[in-house]
Every structure is written in structure tokens, then in C-alpha cells.
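S.K.: My structure file target_22.csv, CSV, C-alpha atoms and all ligand atoms, is below:
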chain,number,residue,atom,x,y,z
A,1,MET,CA,-85.1,46.1,-123.8
A,2,VAL,CA,-86.8,49.6,-123.7
A,3,ASP,CA,-87.2,51.3,-127.0
A,4,LYS,CA,-85.5,54.6,-126.4
A,5,GLY,CA,-86.4,56.0,-129.8
A,6,ALA,CA,-84.0,58.3,-131.7
A,7,LEU,CA,-82.1,60.8,-129.6
A,8,ASP,CA,-83.5,64.2,-130.5
A,9,LEU,CA,-81.7,67.3,-129.3
A,10,SER,CA,-83.1,69.6,-131.8
A,11,ASP,CA,-85.6,72.3,-130.8
A,12,VAL,CA,-86.6,75.8,-131.9
A,13,GLY,CA,-84.7,78.8,-130.7
A,14,GLY,CA,-81.4,78.4,-128.9
A,15,LEU,CA,-78.5,80.8,-129.1
A,16,SER,CA,-75.7,80.3,-131.6
A,17,ARG,CA,-72.3,82.0,-131.9
A,18,GLY,CA,-73.5,83.7,-135.1
A,19,GLU,CA,-76.1,85.6,-133.1
A,20,LEU,CA,-73.6,87.1,-130.6
A,21,LEU,CA,-72.6,90.8,-130.9
A,22,ALA,CA,-69.1,92.0,-130.4
A,23,ASP,CA,-70.1,94.0,-127.3
A,24,PRO,CA,-72.1,92.2,-124.6
A,25,VAL,CA,-73.8,95.5,-123.6
A,26,ASP,CA,-75.3,95.6,-127.1
A,27,LEU,CA,-76.5,92.0,-126.8
A,28,LEU,CA,-78.0,92.7,-123.3
A,29,ARG,CA,-79.8,95.8,-124.8
A,30,GLN,CA,-81.2,93.6,-127.6
A,31,TRP,CA,-82.4,90.9,-125.1
A,32,LEU,CA,-84.0,93.6,-122.8
A,33,ASP,CA,-85.8,95.2,-125.8
A,34,ARG,CA,-87.1,91.8,-126.9
A,35,ALA,CA,-88.4,91.0,-123.4
A,36,THR,CA,-90.0,94.4,-123.1
A,37,ALA,CA,-91.6,94.1,-126.5
A,38,ALA,CA,-93.0,90.7,-125.4
A,39,GLY,CA,-94.8,92.5,-122.6
A,40,VAL,CA,-92.7,91.2,-119.7
A,41,ARG,CA,-93.5,93.4,-116.6
A,42,ASP,CA,-90.4,95.2,-115.2
A,43,ALA,CA,-88.2,93.5,-117.8
A,44,ASN,CA,-85.4,95.9,-116.6
A,45,ALA,CA,-85.5,94.4,-113.0
A,46,MET,CA,-82.3,92.7,-112.0
A,47,SER,CA,-81.0,91.0,-108.9
A,48,LEU,CA,-78.0,92.9,-107.6
A,49,ALA,CA,-75.5,91.1,-105.3
A,50,THR,CA,-73.0,92.9,-103.1
A,51,CYS,CA,-70.7,91.6,-100.4
A,52,ASP,CA,-70.3,93.1,-96.9
A,53,SER,CA,-67.0,93.5,-95.2
A,54,GLU,CA,-67.2,89.9,-93.8
A,55,GLY,CA,-67.7,88.4,-97.2
A,56,GLN,CA,-71.4,87.8,-96.7
A,57,PRO,CA,-73.2,88.2,-100.0
A,58,HIS,CA,-76.5,90.2,-100.1
A,59,CYS,CA,-78.9,90.2,-103.0
A,60,ARG,CA,-81.9,92.3,-103.9
A,61,MET,CA,-83.7,93.6,-107.0
A,62,VAL,CA,-83.1,97.0,-108.5
A,63,LEU,CA,-84.3,98.5,-111.8
A,64,LEU,CA,-81.8,99.1,-114.6
A,65,LYS,CA,-82.2,102.7,-115.7
A,66,GLN,CA,-79.1,103.3,-117.8
A,67,LEU,CA,-77.2,101.0,-120.2
A,68,ASP,CA,-74.3,102.4,-122.1
A,69,ALA,CA,-70.5,102.4,-122.2
A,70,ASN,CA,-70.4,103.3,-118.4
A,71,GLY,CA,-72.2,100.0,-117.7
A,72,LEU,CA,-75.5,99.1,-116.0
A,73,GLY,CA,-76.9,102.1,-114.1
A,74,PHE,CA,-79.3,102.0,-111.2
A,75,PHE,CA,-80.5,104.5,-108.6
A,76,THR,CA,-80.8,104.1,-104.9
A,77,ASN,CA,-80.2,105.5,-101.4
A,78,LYS,CA,-76.4,105.7,-101.1
A,79,ASN,CA,-76.7,105.3,-97.3
A,80,SER,CA,-78.6,102.0,-97.7
A,81,ASN,CA,-77.0,98.6,-96.9
A,82,LYS,CA,-76.1,98.2,-100.6
A,83,GLY,CA,-74.6,101.7,-100.7
A,84,GLU,CA,-72.4,101.0,-97.7
A,85,GLN,CA,-71.4,97.6,-99.1
A,86,LEU,CA,-70.5,99.2,-102.4
A,87,ARG,CA,-68.4,101.8,-100.7
A,88,ALA,CA,-66.4,99.1,-98.9
A,89,ASN,CA,-66.2,96.7,-101.8
A,90,ALA,CA,-66.9,98.2,-105.2
A,91,ARG,CA,-67.7,94.9,-106.9
A,92,ALA,CA,-71.1,93.5,-107.7
A,93,ALA,CA,-73.0,90.9,-109.7
A,94,ALA,CA,-76.4,91.2,-111.4
A,95,THR,CA,-78.8,88.7,-112.9
A,96,PHE,CA,-81.7,89.1,-115.3
A,97,TRP,CA,-84.2,86.4,-116.0
A,98,TRP,CA,-87.1,86.6,-118.4
A,99,VAL,CA,-89.4,83.7,-119.2
A,100,GLU,CA,-90.9,85.3,-122.4
A,101,PRO,CA,-90.5,85.2,-125.3
A,102,GLU,CA,-87.7,82.7,-124.6
A,103,ALA,CA,-86.4,81.6,-121.2
A,104,ARG,CA,-83.2,83.6,-120.9
A,105,GLN,CA,-80.8,84.6,-118.2
A,106,VAL,CA,-78.0,87.2,-118.3
A,107,ARG,CA,-75.4,87.3,-115.6
A,108,ILE,CA,-73.0,90.3,-115.2
A,109,GLU,CA,-70.0,90.6,-112.8
A,110,GLY,CA,-67.7,93.6,-112.5
A,111,VAL,CA,-66.7,96.8,-110.8
A,112,VAL,CA,-69.1,99.5,-109.5
A,113,ARG,CA,-68.7,103.3,-109.8
A,114,GLU,CA,-70.9,106.1,-108.6
A,115,LEU,CA,-72.8,107.8,-111.5
A,116,PRO,CA,-72.3,111.5,-111.9
A,117,GLU,CA,-74.5,113.8,-109.9
A,118,ALA,CA,-76.0,115.1,-113.2
A,119,ASP,CA,-77.3,111.6,-114.0
A,120,ALA,CA,-78.8,111.3,-110.5
A,121,GLN,CA,-80.5,114.7,-110.8
A,122,ALA,CA,-81.9,113.9,-114.3
A,123,TYR,CA,-83.4,110.7,-113.2
A,124,PHE,CA,-84.7,112.1,-109.9
A,125,SER,CA,-86.4,115.0,-111.8
A,126,SER,CA,-88.1,112.6,-114.2
A,127,ARG,CA,-89.9,110.8,-111.3
A,128,SER,CA,-93.4,111.6,-110.0
A,129,ARG,CA,-93.6,114.1,-107.1
A,130,LEU,CA,-94.8,111.2,-104.8
A,131,ALA,CA,-91.9,109.0,-105.8
A,132,GLN,CA,-89.5,111.8,-105.2
A,133,LEU,CA,-91.0,112.5,-101.8
A,134,CYS,CA,-91.0,108.9,-100.7
A,135,SER,CA,-87.5,108.1,-101.8
A,136,ALA,CA,-86.2,111.3,-100.2
A,137,ALA,CA,-88.0,110.7,-96.9
A,138,SER,CA,-87.2,107.0,-96.5
A,139,PRO,CA,-84.1,106.1,-94.5
A,140,GLN,CA,-83.6,103.0,-96.7
A,141,SER,CA,-82.4,99.9,-94.8
A,142,GLN,CA,-82.8,101.5,-91.3
A,143,VAL,CA,-85.1,100.0,-88.7
A,144,VAL,CA,-88.3,102.0,-88.3
A,145,LYS,CA,-90.9,101.6,-85.5
A,146,ASP,CA,-93.9,101.2,-87.7
A,147,ARG,CA,-95.7,102.3,-90.9
A,148,ALA,CA,-96.9,105.4,-89.2
A,149,GLU,CA,-93.3,106.6,-88.6
A,150,LEU,CA,-92.6,106.1,-92.3
A,151,GLU,CA,-95.7,108.0,-93.5
A,152,GLY,CA,-94.9,110.7,-90.9
A,153,LEU,CA,-91.5,111.3,-92.5
A,154,VAL,CA,-93.2,111.7,-96.0
A,155,VAL,CA,-95.9,114.0,-94.6
A,156,ALA,CA,-93.3,116.2,-92.9
A,157,LEU,CA,-91.1,116.4,-96.0
A,158,ASP,CA,-94.2,117.3,-98.1
A,159,ALA,CA,-95.0,120.1,-95.7
A,160,GLN,CA,-91.4,121.3,-95.7
A,161,PHE,CA,-91.4,121.7,-99.5
A,162,GLY,CA,-94.9,123.1,-99.8
A,163,ASP,CA,-95.7,123.9,-103.4
A,164,GLY,CA,-92.0,123.9,-104.4
A,165,ASP,CA,-90.0,121.3,-106.1
A,166,ILE,CA,-88.6,118.4,-104.0
A,167,SER,CA,-84.9,118.6,-103.7
A,168,ARG,CA,-82.9,115.5,-104.3
A,169,PRO,CA,-81.1,114.6,-101.1
A,170,ALA,CA,-77.3,114.3,-101.4
A,171,HIS,CA,-77.5,110.6,-100.4
A,172,TRP,CA,-79.8,109.7,-103.3
A,173,GLY,CA,-77.9,108.8,-106.4
A,174,GLY,CA,-76.8,106.2,-108.9
A,175,PHE,CA,-74.2,103.5,-109.4
A,176,ALA,CA,-73.1,101.8,-112.5
A,177,LEU,CA,-71.9,98.2,-112.8
A,178,LEU,CA,-69.2,98.1,-115.4
A,179,PRO,CA,-69.1,94.5,-116.7
A,180,GLU,CA,-65.9,92.4,-116.7
A,181,ARG,CA,-67.8,89.1,-117.3
A,182,VAL,CA,-71.2,88.7,-118.9
A,183,GLU,CA,-72.9,85.4,-119.6
A,184,PHE,CA,-75.9,84.8,-121.8
A,185,TRP,CA,-78.0,81.7,-121.2
A,186,GLN,CA,-80.8,80.4,-123.2
A,187,GLU,CA,-83.0,77.4,-122.5
A,188,ARG,CA,-82.9,74.4,-124.7
A,189,ARG,CA,-84.5,71.0,-124.7
A,190,GLY,CA,-83.3,68.4,-122.2
A,191,ARG,CA,-81.6,71.1,-120.1
A,192,LEU,CA,-78.8,71.1,-122.7
A,193,HIS,CA,-79.0,74.9,-122.5
A,194,ASP,CA,-76.8,77.3,-124.5
A,195,ARG,CA,-74.3,79.4,-122.5
A,196,PHE,CA,-71.9,82.0,-123.8
A,197,GLN,CA,-69.5,83.8,-121.6
A,198,TYR,CA,-67.8,87.2,-122.5
A,199,ARG,CA,-64.7,87.9,-120.5
A,200,LEU,CA,-62.5,91.0,-120.7
A,201,ASP,CA,-59.1,89.8,-121.7
A,202,ALA,CA,-56.4,92.6,-122.1
A,203,GLY,CA,-59.2,95.1,-123.0
A,204,ALA,CA,-60.9,92.9,-125.5
A,205,TRP,CA,-64.0,90.6,-125.1
A,206,ARG,CA,-63.1,86.9,-125.3
A,207,ILE,CA,-66.1,84.7,-126.0
A,208,ASP,CA,-66.4,81.1,-124.9
A,209,ARG,CA,-69.2,78.6,-124.9
A,210,LEU,CA,-69.8,77.0,-121.4
A,211,ALA,CA,-71.4,73.7,-120.6
A,212,PRO,CA,-74.9,74.0,-119.1
B,1,LIG,C1,-88.7,94.7,-108.8
B,1,LIG,C2,-88.0,95.6,-107.8
B,1,LIG,C3,-87.3,96.7,-108.2
B,1,LIG,C4,-86.6,97.5,-107.2
B,1,LIG,N1,-85.9,98.5,-107.7
B,1,LIG,C5,-85.2,99.2,-106.8
B,1,LIG,C6,-84.3,100.3,-107.2
B,1,LIG,O1,-84.2,100.6,-108.5
B,1,LIG,N2,-83.6,101.0,-106.3
B,1,LIG,C7,-83.7,100.7,-105.0
B,1,LIG,O2,-83.0,101.3,-104.2
B,1,LIG,N3,-84.4,99.7,-104.5
B,1,LIG,C8,-85.2,99.0,-105.4
B,1,LIG,N4,-86.0,97.9,-104.9
B,1,LIG,C9,-86.0,97.6,-103.5
B,1,LIG,C10,-84.7,96.8,-103.2
B,1,LIG,O3,-84.9,95.4,-103.6
B,1,LIG,C11,-84.3,96.8,-101.7
B,1,LIG,O4,-85.4,96.4,-100.9
B,1,LIG,C12,-83.9,98.1,-101.3
B,1,LIG,O5,-83.1,98.8,-102.2
B,1,LIG,C13,-83.0,98.0,-100.0
B,1,LIG,O6,-81.9,97.1,-100.2
B,1,LIG,P1,-80.6,97.2,-99.2
B,1,LIG,O7,-81.2,97.3,-97.8
B,1,LIG,O8,-80.0,95.9,-99.5
B,1,LIG,O9,-79.8,98.4,-99.6
B,1,LIG,C14,-86.7,97.1,-105.9
B,1,LIG,C15,-87.4,96.0,-105.5
B,1,LIG,C16,-88.1,95.2,-106.4
B,1,LIG,C17,-88.8,94.0,-106.0
Starting from the coordinates I provided, produce the structure as C-alpha cells.
M.R.:
Amino acid sequence: MVDKGALDLSDVGGLSRGELLADPVDLLRQWLDRATAAGVRDANAMSLATCDSEGQPHCRMVLLKQLDANGLGFFTNKNSNKGEQLRANARAAATFWWVEPEARQVRIEGVVRELPEADAQAYFSSRSRLAQLCSAASPQSQVVKDRAELEGLVVALDAQFGDGDISRPAHWGGFALLPERVEFWQERRGRLHDRFQYRLDAGAWRIDRLAP
């Protein structure tokens, strides 16, 4: 007989029902702030999954730049693969994962809407001139011959604008993922992790614990 010892499922941390907030966007903001305060680099980076017209999922990282009642806002080239996929199927999923100060994951699924032009302009204007030039010049997701072609596009645009401000191209803008389901996951001992799911049910958030 092997001496198993007493079964111990207790550990520090964990996520309890009492810590949940009524609105998952508020809890996401709290978790983001905590990861940022812990010094996690690019704590606002999230994987964003979209589907093409054949049902093939595509996933890539983007940076969360707005978080409010309109959902999770990010900025991109609207002519990119993700932009085309979102035009054809305005549904997406996003995942955050931070390892500090606690190992936590948040998953969001829902519908996507374009952000107003004013939001796109405000964010574009806040970026460095170099970032404005590069994002305006790059035909995101298109095949390019080589690095020289890409740099040539940036140099040509720089010359075009001279000393003036860089105009935001019409195809550069933002989308917001409006959550319909949000799941908060927190690591626990023995992989008996805590999971809570928020689901929109007749306009109100219904919260359930899920098995890990
Ligand atoms: C950490 C990280 C953050 C990124 N943030 C953005 C972003 O906010 N917007 C964007 O268009 N691309 C961002 N990218 C690049 C995308 O992952 C991707 O390469 C690009 O958007 C083209 O994707 P698509 O061809 O599927 O449209 C980021 C990449 C990384 C690794």
C-alpha cells in the first residue's frame, strides 16, 4: 500500500463567486490593470480569432486599445485578412493570458462592429509619426516582394507628406468586439482550476461555474 497522505486541494489565490463583478467588462478591466501593475509586458495583447467564408478560423494577436460599453476596441487595416473576414462574418473570439501575478485567462466571444471614425482618428493621431507612416503605407496581409518594397512604400509616403501631418487612410480604423460570453479562468493546484462563465441571457449576465 502506498501512503497517499491527506488529499490537499487548498492553495492561495483562486477565484471565488464573491470576487465576481456584475459586468464582465469591469472584471476584465480589473484583471488587465492588475497584470499591468505587475509589470507584464503588453498585458493588453489578445489573440483574436475570426472565421473566413469557408469556416476556417484564423488567429492573430492585436492590442486592446479601448474597453467600455461598446466592447473591446482594437485598431487595424480594414483591408487586411481580418478586416475582410469581419466584413463577411461579424463574429470573433479573443483570449488574454497573463502568467503574473496569477496565471489567468480570459476568453471573450461575441459580435464585432466597426468603431466610429472619430475613435480611429483619435487613436491614429496619438501615435508616433513613424507608426502613422508605417501603418498607412503597409498593405497589411498582401504579399510583398521583399523588405525593400515595404521600406520604399514608407519612404514614398514620407516624401508625399513632407513636413505636414500624416493623414489617416480611410482603410485604417477600429473594430470593437461586443461580448456575449466571457470566461474568467484562474489557475489552481492540481489543475483543478476555477472557471466562471458570463453569458448574456435576455439582456442580463448569467454567471455559471464551469468544470476545469
Ligand atoms: C503583440 C502583438 C500585437 C499586435 N497588435 C496588432 C494590432 O493592434 N493591430 C494589428 O493590425 N496588428 C497587430 N499585430 C499584428 C497581427 O498579429 C497580424 O500580424 C496583422 O494584424 C495581420 O493579420 P491578418 O493578416 O490576419 O489581418 C500584433 C502582433 C503582435 C505579436
S.K.: Check the smallest atom-to-atom distance from each of A:Arg147, A:Ser141, A:Leu67, A:Gly164 to Pro24 of chain A using all atoms listed in the file, then report the winner.
M.R.: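 Once distances to Pro24 of chain A are computed over all atoms listed in the file, the minimum belongs to A:Leu67.
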S.K.: Can you work out the spacing between atom CA of Gln160 of chain A and atom CA of Ala131 of chain A in Å, to one decimal?
M.R.: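 Value for the atom CA of Gln160 of chain A-atom CA of Ala131 of chain A distance: 15.9 Å.
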S.K.: Could you give me, as CSV, every segment 82-199 of chain A residue with an atom at most 12 Å from segment 6-20 of chain A, plus its closest atom pair and distance in Å to one decimal, counting only C-alpha atoms, rows ordered by chain then number?
M.R.:
residue,atom,partner,partner_atom,distance
A:Pro101,CA,A:Gly13,CA,10.2
A:Glu102,CA,A:Gly13,CA,7.8
A:Ala103,CA,A:Gly14,CA,9.7
A:Arg104,CA,A:Gly14,CA,9.7
A:Gln105,CA,A:Leu15,CA,11.8
A:Glu183,CA,A:Leu20,CA,11.2
A:Phe184,CA,A:Leu15,CA,8.7
A:Trp185,CA,A:Leu15,CA,8.0
A:Gln186,CA,A:Gly14,CA,6.1
A:Glu187,CA,A:Gly14,CA,6.7
A:Arg188,CA,A:Gly14,CA,6.0
A:Arg189,CA,A:Asp11,CA,6.3
A:Gly190,CA,A:Leu9,CA,7.4
A:Arg191,CA,A:Leu9,CA,10.0
A:Leu192,CA,A:Leu9,CA,8.1
A:His193,CA,A:Gly14,CA,7.7
A:Asp194,CA,A:Leu15,CA,6.0
A:Arg195,CA,A:Leu15,CA,7.9
A:Phe196,CA,A:Arg17,CA,8.1
A:Gln197,CA,A:Leu20,CA,10.4
A:Tyr198,CA,A:Leu20,CA,10.0
S.K.: Please identify all protein, DNA and RNA residues within 9 Å of ligand LIG 1 (chain B), counting all atoms listed in the file, and report them as a VMD selection string.
M.R.: chain A and resid 42 44 to 50 58 to 65 74 to 85 135 140 to 142 174
S.K.: I need the residue nearest Ala137 of chain A from this list: A:Gly162, A:Gly71, A:Pro116, A:Pro169. Use only C-alpha atoms for the distance.
M.R.: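 Distance minimum relative to Ala137 of chain A lands on A:Pro169.
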S.K.: Provide the atom CA of Leu115 of chain A to atom CA of Asn70 of chain A distance in Å, to one decimal place.
M.R.: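 Taking atom CA of Leu115 of chain A as the start and atom CA of Asn70 of chain A as the end point, the length is 8.6 Å.
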S.K.: Could you jot down the atom CA of Ala43 of chain A to atom CA of Leu178 of chain A separation for me, Å, one decimal place?
M.R.: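 Separating atom CA of Ala43 of chain A from atom CA of Leu178 of chain A is a distance of 19.7 Å.
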S.K.: From the set A:Glu149, A:Asp163, A:Glu180, A:Asp201, which residue has the shortest atom-to-atom contact distance to Val25 of chain A, counting all atoms listed in the file?
M.R.: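 Using all atoms listed in the file, the shortest distance to Val25 of chain A belongs to A:Glu180.
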S.K.: I'd like the neighbourhood of Ser167 of chain A as number ranges by chain, where a residue qualifies if any of its atoms comes within 10 Å (using all atoms listed in the file), though same-chain residues fewer than 5 positions away should be ignored.
M.R.: A: 121, 124-125, 132-133, 136, 161
S.K.: My list of candidates is A:Leu72, A:Val154, A:Ala38, A:Val182. Which is closest to Val106 of chain A when distances are computed with all atoms listed in the file?
M.R.: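 Nearest candidate to Val106 of chain A out of A:Leu72, A:Val154, A:Ala38, A:Val182: A:Val182.
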S.K.: Considering all atoms listed in the file, state which residue in the set A:Gly110, A:Gly173, A:Pro139, A:Pro212 is at the smallest distance from Arg199 of chain A.
M.R.: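 The shortest atom-to-atom distance to Arg199 of chain A comes from A:Gly110.
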S.K.: Show which residues sit within 8 Å of Leu200 of chain A, as a PyMOL selection string. Count all atoms listed in the file, and ignore same-chain residues fewer than 4 positions away.
M.R.: chain A and resi 180-181+204-206
S.K.: I need the chosen residues saved as a PDB file, in the frame of the given file, with C-alpha atoms.
M.R.:
ATOM      1  CA  GLU A 180     -65.900  92.400-116.700  1.00  0.00           C
ATOM      2  CA  ARG A 181     -67.800  89.100-117.300  1.00  0.00           C
ATOM      3  CA  ALA A 204     -60.900  92.900-125.500  1.00  0.00           C
ATOM      4  CA  TRP A 205     -64.000  90.600-125.100  1.00  0.00           C
ATOM      5  CA  ARG A 206     -63.100  86.900-125.300  1.00  0.00           C
TER       6      ARG A 206
END
S.K.: With distances taken over all atoms listed in the file, which of A:Cys134, A:Asp33, A:Ala170, A:Thr95 is nearest to Glu117 of chain A?
M.R.: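 Looking at the shortest contact to Glu117 of chain A, the residue is A:Ala170.
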